[in-house]
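Engineer: This one is query_23.txt, compact mmCIF, C-alpha atoms and all ligand atoms.
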# COMPACT_ATOMS: atom_id res chain seq x y z
CA MET M 609 5.66 15.66 5.38
CA LEU M 610 4.48 18.90 3.83
CA ALA M 611 7.79 20.49 2.77
CA THR M 612 7.46 19.74 -0.95
CA PRO M 613 4.61 21.67 -2.60
CA GLY M 614 2.10 19.47 -4.39
CA LEU M 615 2.83 16.29 -2.48
CA THR M 616 -0.53 16.43 -0.79
CA ALA M 617 -3.55 18.59 -1.47
CA LEU M 618 -4.09 19.08 2.26
CA SER M 619 -3.40 22.62 3.42
CA ASP M 620 -4.88 22.71 6.93
CA ARG M 621 -2.38 21.46 9.49
CA ASP M 622 -4.88 19.57 11.67
CA GLU M 623 -6.53 17.96 8.66
CA ALA M 624 -3.13 16.94 7.32
CA ARG M 625 -2.17 15.41 10.65
CA ARG M 626 -5.45 13.51 10.81
CA ALA M 627 -5.23 12.20 7.25
CA LEU M 628 -1.51 11.48 7.07
CA LEU M 629 -0.50 10.48 10.58
CA ASP M 630 -3.46 9.52 12.78
CA ASP M 631 -5.11 7.53 10.02
CA ALA M 632 -1.88 5.64 9.39
CA LEU M 633 -1.37 4.92 13.09
CA ARG M 634 -4.82 3.30 13.30
CA GLY M 635 -3.23 0.37 11.47
CA VAL M 636 -0.22 -0.24 13.73
CA GLU M 637 -1.78 -2.94 15.90
CA LEU M 638 -3.27 -4.73 12.92
CA VAL M 639 -0.02 -4.74 10.94
CA ALA M 640 2.01 -5.66 14.03
CA GLY M 641 0.02 -8.89 14.21
CA LEU M 642 0.92 -9.86 10.64
CA GLY M 643 4.44 -11.15 10.14
CA GLY M 644 7.25 -10.27 7.75
CA SER M 645 8.62 -7.29 5.92
CA ILE M 646 6.20 -4.56 4.89
CA VAL M 647 5.69 -2.75 1.61
CA ASP M 648 3.64 0.47 1.46
CA VAL M 649 2.30 0.52 -2.08
CA GLY M 650 1.79 4.03 -3.49
CA SER M 651 3.36 5.64 -0.44
CA GLY M 652 2.97 9.20 -1.81
CA GLY M 653 3.95 11.56 1.00
CA GLY M 654 4.93 8.59 3.19
CA THR M 655 1.70 7.34 4.68
CA PRO M 656 1.03 4.83 6.09
CA GLY M 657 4.60 3.56 5.61
CA ILE M 658 6.60 6.11 7.62
CA PRO M 659 4.39 6.07 10.74
CA LEU M 660 4.34 2.25 10.59
CA ALA M 661 8.14 2.10 10.25
CA ALA M 662 8.62 4.46 13.19
CA SER M 663 6.15 2.47 15.32
CA LEU M 664 7.56 -0.94 14.35
CA PRO M 665 11.34 -0.35 14.22
CA GLU M 666 12.09 -4.10 14.13
CA ARG M 667 10.24 -4.49 10.81
CA GLU M 668 11.78 -3.78 7.38
CA VAL M 669 9.57 -1.31 5.51
CA THR M 670 9.71 -0.57 1.78
CA LEU M 671 8.06 2.61 0.52
CA LEU M 672 7.05 1.90 -3.08
CA GLU M 673 6.09 4.91 -5.15
CA ALA M 674 5.53 5.24 -8.89
CA GLU M 675 6.28 8.96 -9.18
CA ARG M 676 9.97 9.81 -9.20
CA ARG M 677 9.59 13.21 -7.54
CA LYS M 678 7.69 11.65 -4.63
CA ALA M 679 10.18 8.80 -4.32
CA GLU M 680 13.04 11.32 -4.11
CA PHE M 681 11.16 13.21 -1.40
CA LEU M 682 10.68 9.97 0.52
CA GLU M 683 14.42 9.21 0.25
CA ARG M 684 15.25 12.56 1.85
CA TRP M 685 12.65 12.19 4.59
CA THR M 686 13.58 8.67 5.62
CA ALA M 687 17.37 9.00 5.61
CA ASP M 688 17.37 8.65 9.42
CA LEU M 689 15.09 5.62 9.55
CA PRO M 690 17.34 2.54 9.33
CA ASN M 691 14.45 0.11 8.70
CA VAL M 692 13.13 1.99 5.64
CA ARG M 693 14.08 1.72 2.00
CA VAL M 694 12.48 3.57 -0.87
CA VAL M 695 11.76 2.04 -4.26
CA TRP M 696 10.77 4.19 -7.22
CA GLY M 697 8.55 2.01 -9.40
CA ARG M 698 5.13 0.58 -10.07
CA ALA M 699 3.60 -2.28 -8.09
CA GLU M 700 3.10 -4.30 -11.29
CA GLU M 701 6.84 -4.25 -12.00
CA GLN M 702 8.19 -5.43 -8.62
CA PRO M 703 9.44 -8.91 -7.73
CA VAL M 704 6.48 -11.07 -6.76
CA GLU M 705 6.05 -12.63 -3.32
CA ALA M 706 8.90 -10.60 -1.84
CA TRP M 707 7.14 -9.23 1.27
CA GLY M 708 5.07 -10.53 4.20
CA VAL M 709 2.60 -7.66 4.26
CA ALA M 710 1.51 -5.09 1.68
CA VAL M 711 -0.31 -2.02 2.94
CA ALA M 712 -2.05 0.63 0.85
CA LYS M 713 -4.00 3.77 1.62
CA ALA M 714 -5.74 5.76 -1.12
CA LEU M 715 -3.76 3.85 -3.76
CA ALA M 716 -6.67 3.13 -6.11
CA HIS M 717 -10.19 1.68 -6.00
CA PRO M 718 -9.97 -1.29 -3.60
CA PRO M 719 -10.40 -3.94 -6.35
CA THR M 720 -7.47 -2.43 -8.27
CA ALA M 721 -5.41 -2.02 -5.10
CA ALA M 722 -6.06 -5.69 -4.28
CA GLU M 723 -4.87 -6.80 -7.71
CA TRP M 724 -1.69 -4.73 -7.39
CA CYS M 725 -0.89 -5.72 -3.80
CA LEU M 726 -1.61 -9.46 -3.63
CA PRO M 727 1.20 -10.56 -6.00
CA LEU M 728 3.73 -8.70 -3.83
CA VAL M 729 3.15 -10.88 -0.76
CA ARG M 730 4.17 -14.46 -0.23
CA GLU M 731 1.78 -17.30 0.47
CA GLY M 732 0.55 -16.96 4.07
CA GLY M 733 1.12 -13.21 3.94
CA ALA M 734 -1.48 -10.46 3.96
CA VAL M 735 -2.62 -7.24 2.33
CA VAL M 736 -4.08 -4.46 4.47
CA LEU M 737 -6.14 -1.86 2.60
CA TRP M 738 -7.32 1.32 4.32
CA VAL M 739 -10.88 1.63 3.02
CA GLY M 740 -13.84 3.98 3.30
CA PRO M 741 -17.51 3.22 3.89
CA SER M 742 -18.25 2.87 0.16
CA VAL M 743 -16.01 -0.18 -0.20
CA GLU M 744 -17.64 -3.19 -1.84
CA PRO M 745 -15.99 -6.18 -0.13
CA GLN M 746 -17.60 -8.67 -2.53
CA ARG M 747 -15.89 -6.99 -5.51
CA VAL M 748 -12.55 -7.11 -3.71
CA ALA M 749 -13.21 -10.75 -2.80
CA ALA M 750 -13.83 -11.58 -6.47
CA VAL M 751 -10.50 -10.00 -7.42
CA ALA M 752 -8.65 -11.64 -4.52
CA GLU M 753 -9.87 -15.07 -5.61
CA ARG M 754 -8.32 -14.53 -9.05
CA VAL M 755 -4.96 -13.46 -7.59
CA GLY M 756 -4.38 -16.18 -4.98
CA GLY M 757 -6.10 -14.59 -2.02
CA GLU M 758 -9.27 -14.15 -0.01
CA VAL M 759 -10.88 -11.50 2.16
CA ALA M 760 -10.30 -12.18 5.85
CA GLU M 761 -12.01 -10.83 8.95
CA SER M 762 -11.28 -7.10 8.97
CA PRO M 763 -11.67 -4.37 11.57
CA PRO M 764 -13.76 -1.31 10.60
CA GLY M 765 -11.96 0.95 8.14
CA PHE M 766 -9.75 -1.84 6.78
CA LEU M 767 -9.96 -4.70 4.38
CA VAL M 768 -7.55 -7.52 5.17
CA LEU M 769 -6.72 -10.01 2.41
CA ARG M 770 -4.92 -13.28 3.01
CA LYS M 771 -2.59 -14.71 0.39
CA THR M 772 -3.80 -18.29 0.41
CA GLY M 773 -1.94 -19.65 -2.62
CA PRO M 774 0.81 -18.79 -5.10
CA THR M 775 0.39 -15.91 -7.51
CA PRO M 776 -1.38 -17.39 -10.56
CA GLU M 777 0.27 -17.30 -13.96
CA GLY M 778 -0.49 -14.08 -15.83
CA PHE M 779 -0.25 -11.86 -12.72
CA PRO M 780 0.69 -9.17 -12.22
CA ARG M 781 -0.91 -7.98 -15.43
CA ARG M 782 1.02 -5.35 -17.36
CA PRO M 783 1.04 -1.76 -16.00
CA GLY M 784 -2.28 0.00 -16.36
CA MET M 785 -4.41 -3.11 -17.03
CA ALA M 786 -5.88 -3.42 -13.53
CA LYS M 787 -7.38 0.05 -13.90
CA LYS M 788 -8.29 -0.21 -17.56
CA ARG M 789 -9.90 -3.66 -17.34
CA PRO M 790 -10.78 -4.32 -13.68
CA LEU M 791 -11.28 -7.98 -12.80
CA ALA M 792 -14.47 -7.15 -10.89
C1 LIG M 801 -3.63 9.29 -3.71
S1 LIG M 801 -1.95 8.91 -3.44
C2 LIG M 801 -1.99 8.24 -1.80
C3 LIG M 801 -0.66 8.42 -1.12
C4 LIG M 801 -0.61 7.93 0.32
N1 LIG M 801 -0.69 6.49 0.41
C5 LIG M 801 -1.68 8.59 1.18
O1 LIG M 801 -2.53 7.88 1.72
O2 LIG M 801 -1.64 9.82 1.31
C6 LIG M 801 -1.66 7.44 -4.47
C7 LIG M 801 -0.18 7.24 -4.74
O3 LIG M 801 -0.02 5.97 -5.38
C8 LIG M 801 0.95 6.10 -6.40
N2 LIG M 801 0.67 5.01 -7.37
C9 LIG M 801 -0.39 4.94 -8.22
N3 LIG M 801 -0.35 3.79 -8.90
C10 LIG M 801 0.75 3.11 -8.47
C11 LIG M 801 1.32 1.85 -8.81
N4 LIG M 801 0.77 1.05 -9.72
N5 LIG M 801 2.45 1.46 -8.16
C12 LIG M 801 3.01 2.27 -7.21
N6 LIG M 801 2.52 3.48 -6.86
C13 LIG M 801 1.39 3.89 -7.49
C14 LIG M 801 0.76 7.51 -6.94
O4 LIG M 801 1.90 8.00 -7.59
C15 LIG M 801 0.41 8.28 -5.67
O5 LIG M 801 1.56 8.83 -5.06
Could you quickly redo this structure as structure tokens?
Ligand SMILES: C[S@@+](CC[C@H](N)C(=O)[O-])C[C@H]1O[C@@H](n2cnc3c(N)ncnc32)[C@H](O)[C@@H]1O

Structural biologist:
Amino acid sequence: MLATPGLTALSDRDEARRALLDDALRGVELVAGLGGSIVDVGSGGGTPGIPLAASLPEREVTLLEAERRKAEFLERWTADLPNVRVVWGRAEEQPVEAWGVAVAKALAHPPTAAEWCLPLVREGGAVVLWVGPSVEPQRVAAVAERVGGEVAESPPGFLVLRKTGPTPEGFPRRPGMAKKRPLA
């Protein structure tokens, strides 16, 4: 995943493996237990989407990436993975409620990531955020409530959101708004 300069700031091989592959694989069991097609929002160099797709070959995986250069890289890298498709675009501009599970690692602050990801999944679906120790679950919960979801029981290192209702009118907000005017 390191063949295109600038795709990741990681230069040490072991550190890259830990951050890009091992960290992604931590989520396999969790995502396997949540049904439906998967979208990796802000896939960047392909994590967690590519390791998840390789581990769960029966699941359709979309790698969604806003930067064209990265999306083109992902196209080249996933040509041999039949269950993967790459979409170049922003989360806020995708069809709503088109996936069962949205996953995101290092996409944005968790409240922003929650606002971007929840509209993408159908009612009954889930969002899985890879989070660090500084996450503020109550802020994410406040956002989730506005966007048709709630925080569910989550294993350490993750925040799982359930989509409990339809995406409310007015969401997704236009590109950039979730960062510029966070809901919580
Ligand atoms: C810090 S990188 C993380 C990449 C990868 N998930 C990882 O863990 O290494 C965040 C990525 O999200 C993409 N991104 C940011 N905002 C986005 C949006 N609204 N929709 C889709 N992709 C977005 C960026 O272009 C960038 O590639």

Engineer: Using all atoms listed in the file, can you tell me which of M:Phe779, M:Trp724, M:Trp685, M:Phe766 comes closest to ligand LIG 801 (chain M)?

Structural biologist: M:Trp724

Engineer: Produce as a VMD selection string the set of residues near ligand LIG 801 (chain M), where near means within 7 Å with only C-alpha atoms and all ligand atoms considered.

Structural biologist: chain M and resid 628 649 to 656 672 to 675 678 697 to 700 712 to 716 724 783

Engineer: Write out the residues from the selection above, keeping C-alpha atoms, as a CSV table (one decimal), in the frame of the given file.

Structural biologist:
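As written to disk, part14.csv reads:
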chain,number,residue,atom,x,y,z
M,628,LEU,CA,-1.5,11.5,7.1
M,649,VAL,CA,2.3,0.5,-2.1
M,650,GLY,CA,1.8,4.0,-3.5
M,651,SER,CA,3.4,5.6,-0.4
M,652,GLY,CA,3.0,9.2,-1.8
M,653,GLY,CA,4.0,11.6,1.0
M,654,GLY,CA,4.9,8.6,3.2
M,655,THR,CA,1.7,7.3,4.7
M,656,PRO,CA,1.0,4.8,6.1
M,672,LEU,CA,7.0,1.9,-3.1
M,673,GLU,CA,6.1,4.9,-5.2
M,674,ALA,CA,5.5,5.2,-8.9
M,675,GLU,CA,6.3,9.0,-9.2
M,678,LYS,CA,7.7,11.6,-4.6
M,697,GLY,CA,8.6,2.0,-9.4
M,698,ARG,CA,5.1,0.6,-10.1
M,699,ALA,CA,3.6,-2.3,-8.1
M,700,GLU,CA,3.1,-4.3,-11.3
M,712,ALA,CA,-2.0,0.6,0.8
M,713,LYS,CA,-4.0,3.8,1.6
M,714,ALA,CA,-5.7,5.8,-1.1
M,715,LEU,CA,-3.8,3.8,-3.8
M,716,ALA,CA,-6.7,3.1,-6.1
M,724,TRP,CA,-1.7,-4.7,-7.4
M,783,PRO,CA,1.0,-1.8,-16.0

Engineer: Please compute the atom CA of Thr720 of chain M-atom CA of Glu777 of chain M distance, one decimal, in Å.

Structural biologist: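 Distance reported for this atom pair: 17.7 Å.
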
Engineer: Between atom CA of Phe681 of chain M and atom CA of Arg693 of chain M, what is the distance in Å, rounded to a tenth?

Structural biologist: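 Here the two named atoms are 12.3 Å from each other.
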
Engineer: What is the atom CA of Pro776 of chain M-atom CA of Gly641 of chain M distance in Å, reported with one decimal?

Structural biologist: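 Interatomic distance, atom CA of Pro776 of chain M to atom CA of Gly641 of chain M: 26.2 Å.
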
Engineer: Find the spatial neighbours of Pro780 of chain M, counting all atoms listed in the file, within a cut-off of 12 Å - ignore same-chain residues fewer than 4 positions away - and output them as a list of chain:residue names.

Structural biologist: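 Counting only the stated atoms, we get M:Arg698, M:Ala699, M:Glu700, M:Glu701, M:Gln702, M:Pro703, M:Val704, M:Glu705, M:Thr720, M:Ala721, M:Ala722, M:Glu723, M:Trp724, M:Cys725, M:Leu726, M:Pro727, M:Leu728, M:Val729, M:Arg754, M:Val755, M:Gly756, M:Pro774, M:Thr775, M:Pro776, M:Gly784, M:Met785, M:Ala786.
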
Engineer: Hey, which of M:Arg747, M:Arg634, M:Lys771, M:Lys788 ends up closest to Ala734 of chain M? Count all atoms listed in the file.

Structural biologist: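 Looking only at the distances to Ala734 of chain M, the closest residue turns out to be M:Lys771.
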
Engineer: With all atoms listed in the file as the basis for distance, which of M:Ser762, M:Ser619, M:Asn691, M:Gln746 is at the shortest distance from Gly635 of chain M?

Structural biologist: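 Closest residue, counting all atoms listed in the file: M:Ser762.
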
Engineer: So, with only C-alpha atoms as the atoms that count, which of M:Leu689, M:Leu791, M:Val743, M:Leu767 lies closest to Ile658 of chain M?

Structural biologist: M:Leu689

Engineer: Go ahead and find all residues with at least one atom no further than 12 Å from (8.0, -0.5, 17.8) in the file's coordinates, using all atoms listed in the file; report them as a VMD selection string.

Structural biologist: chain M and resid 633 636 to 637 639 to 640 659 to 668 691

Engineer: From the list M:Pro790, M:Pro745, M:Gly765, M:Gly644, which residue is nearest Gly708 of chain M when using all atoms listed in the file?

Structural biologist: M:Gly644
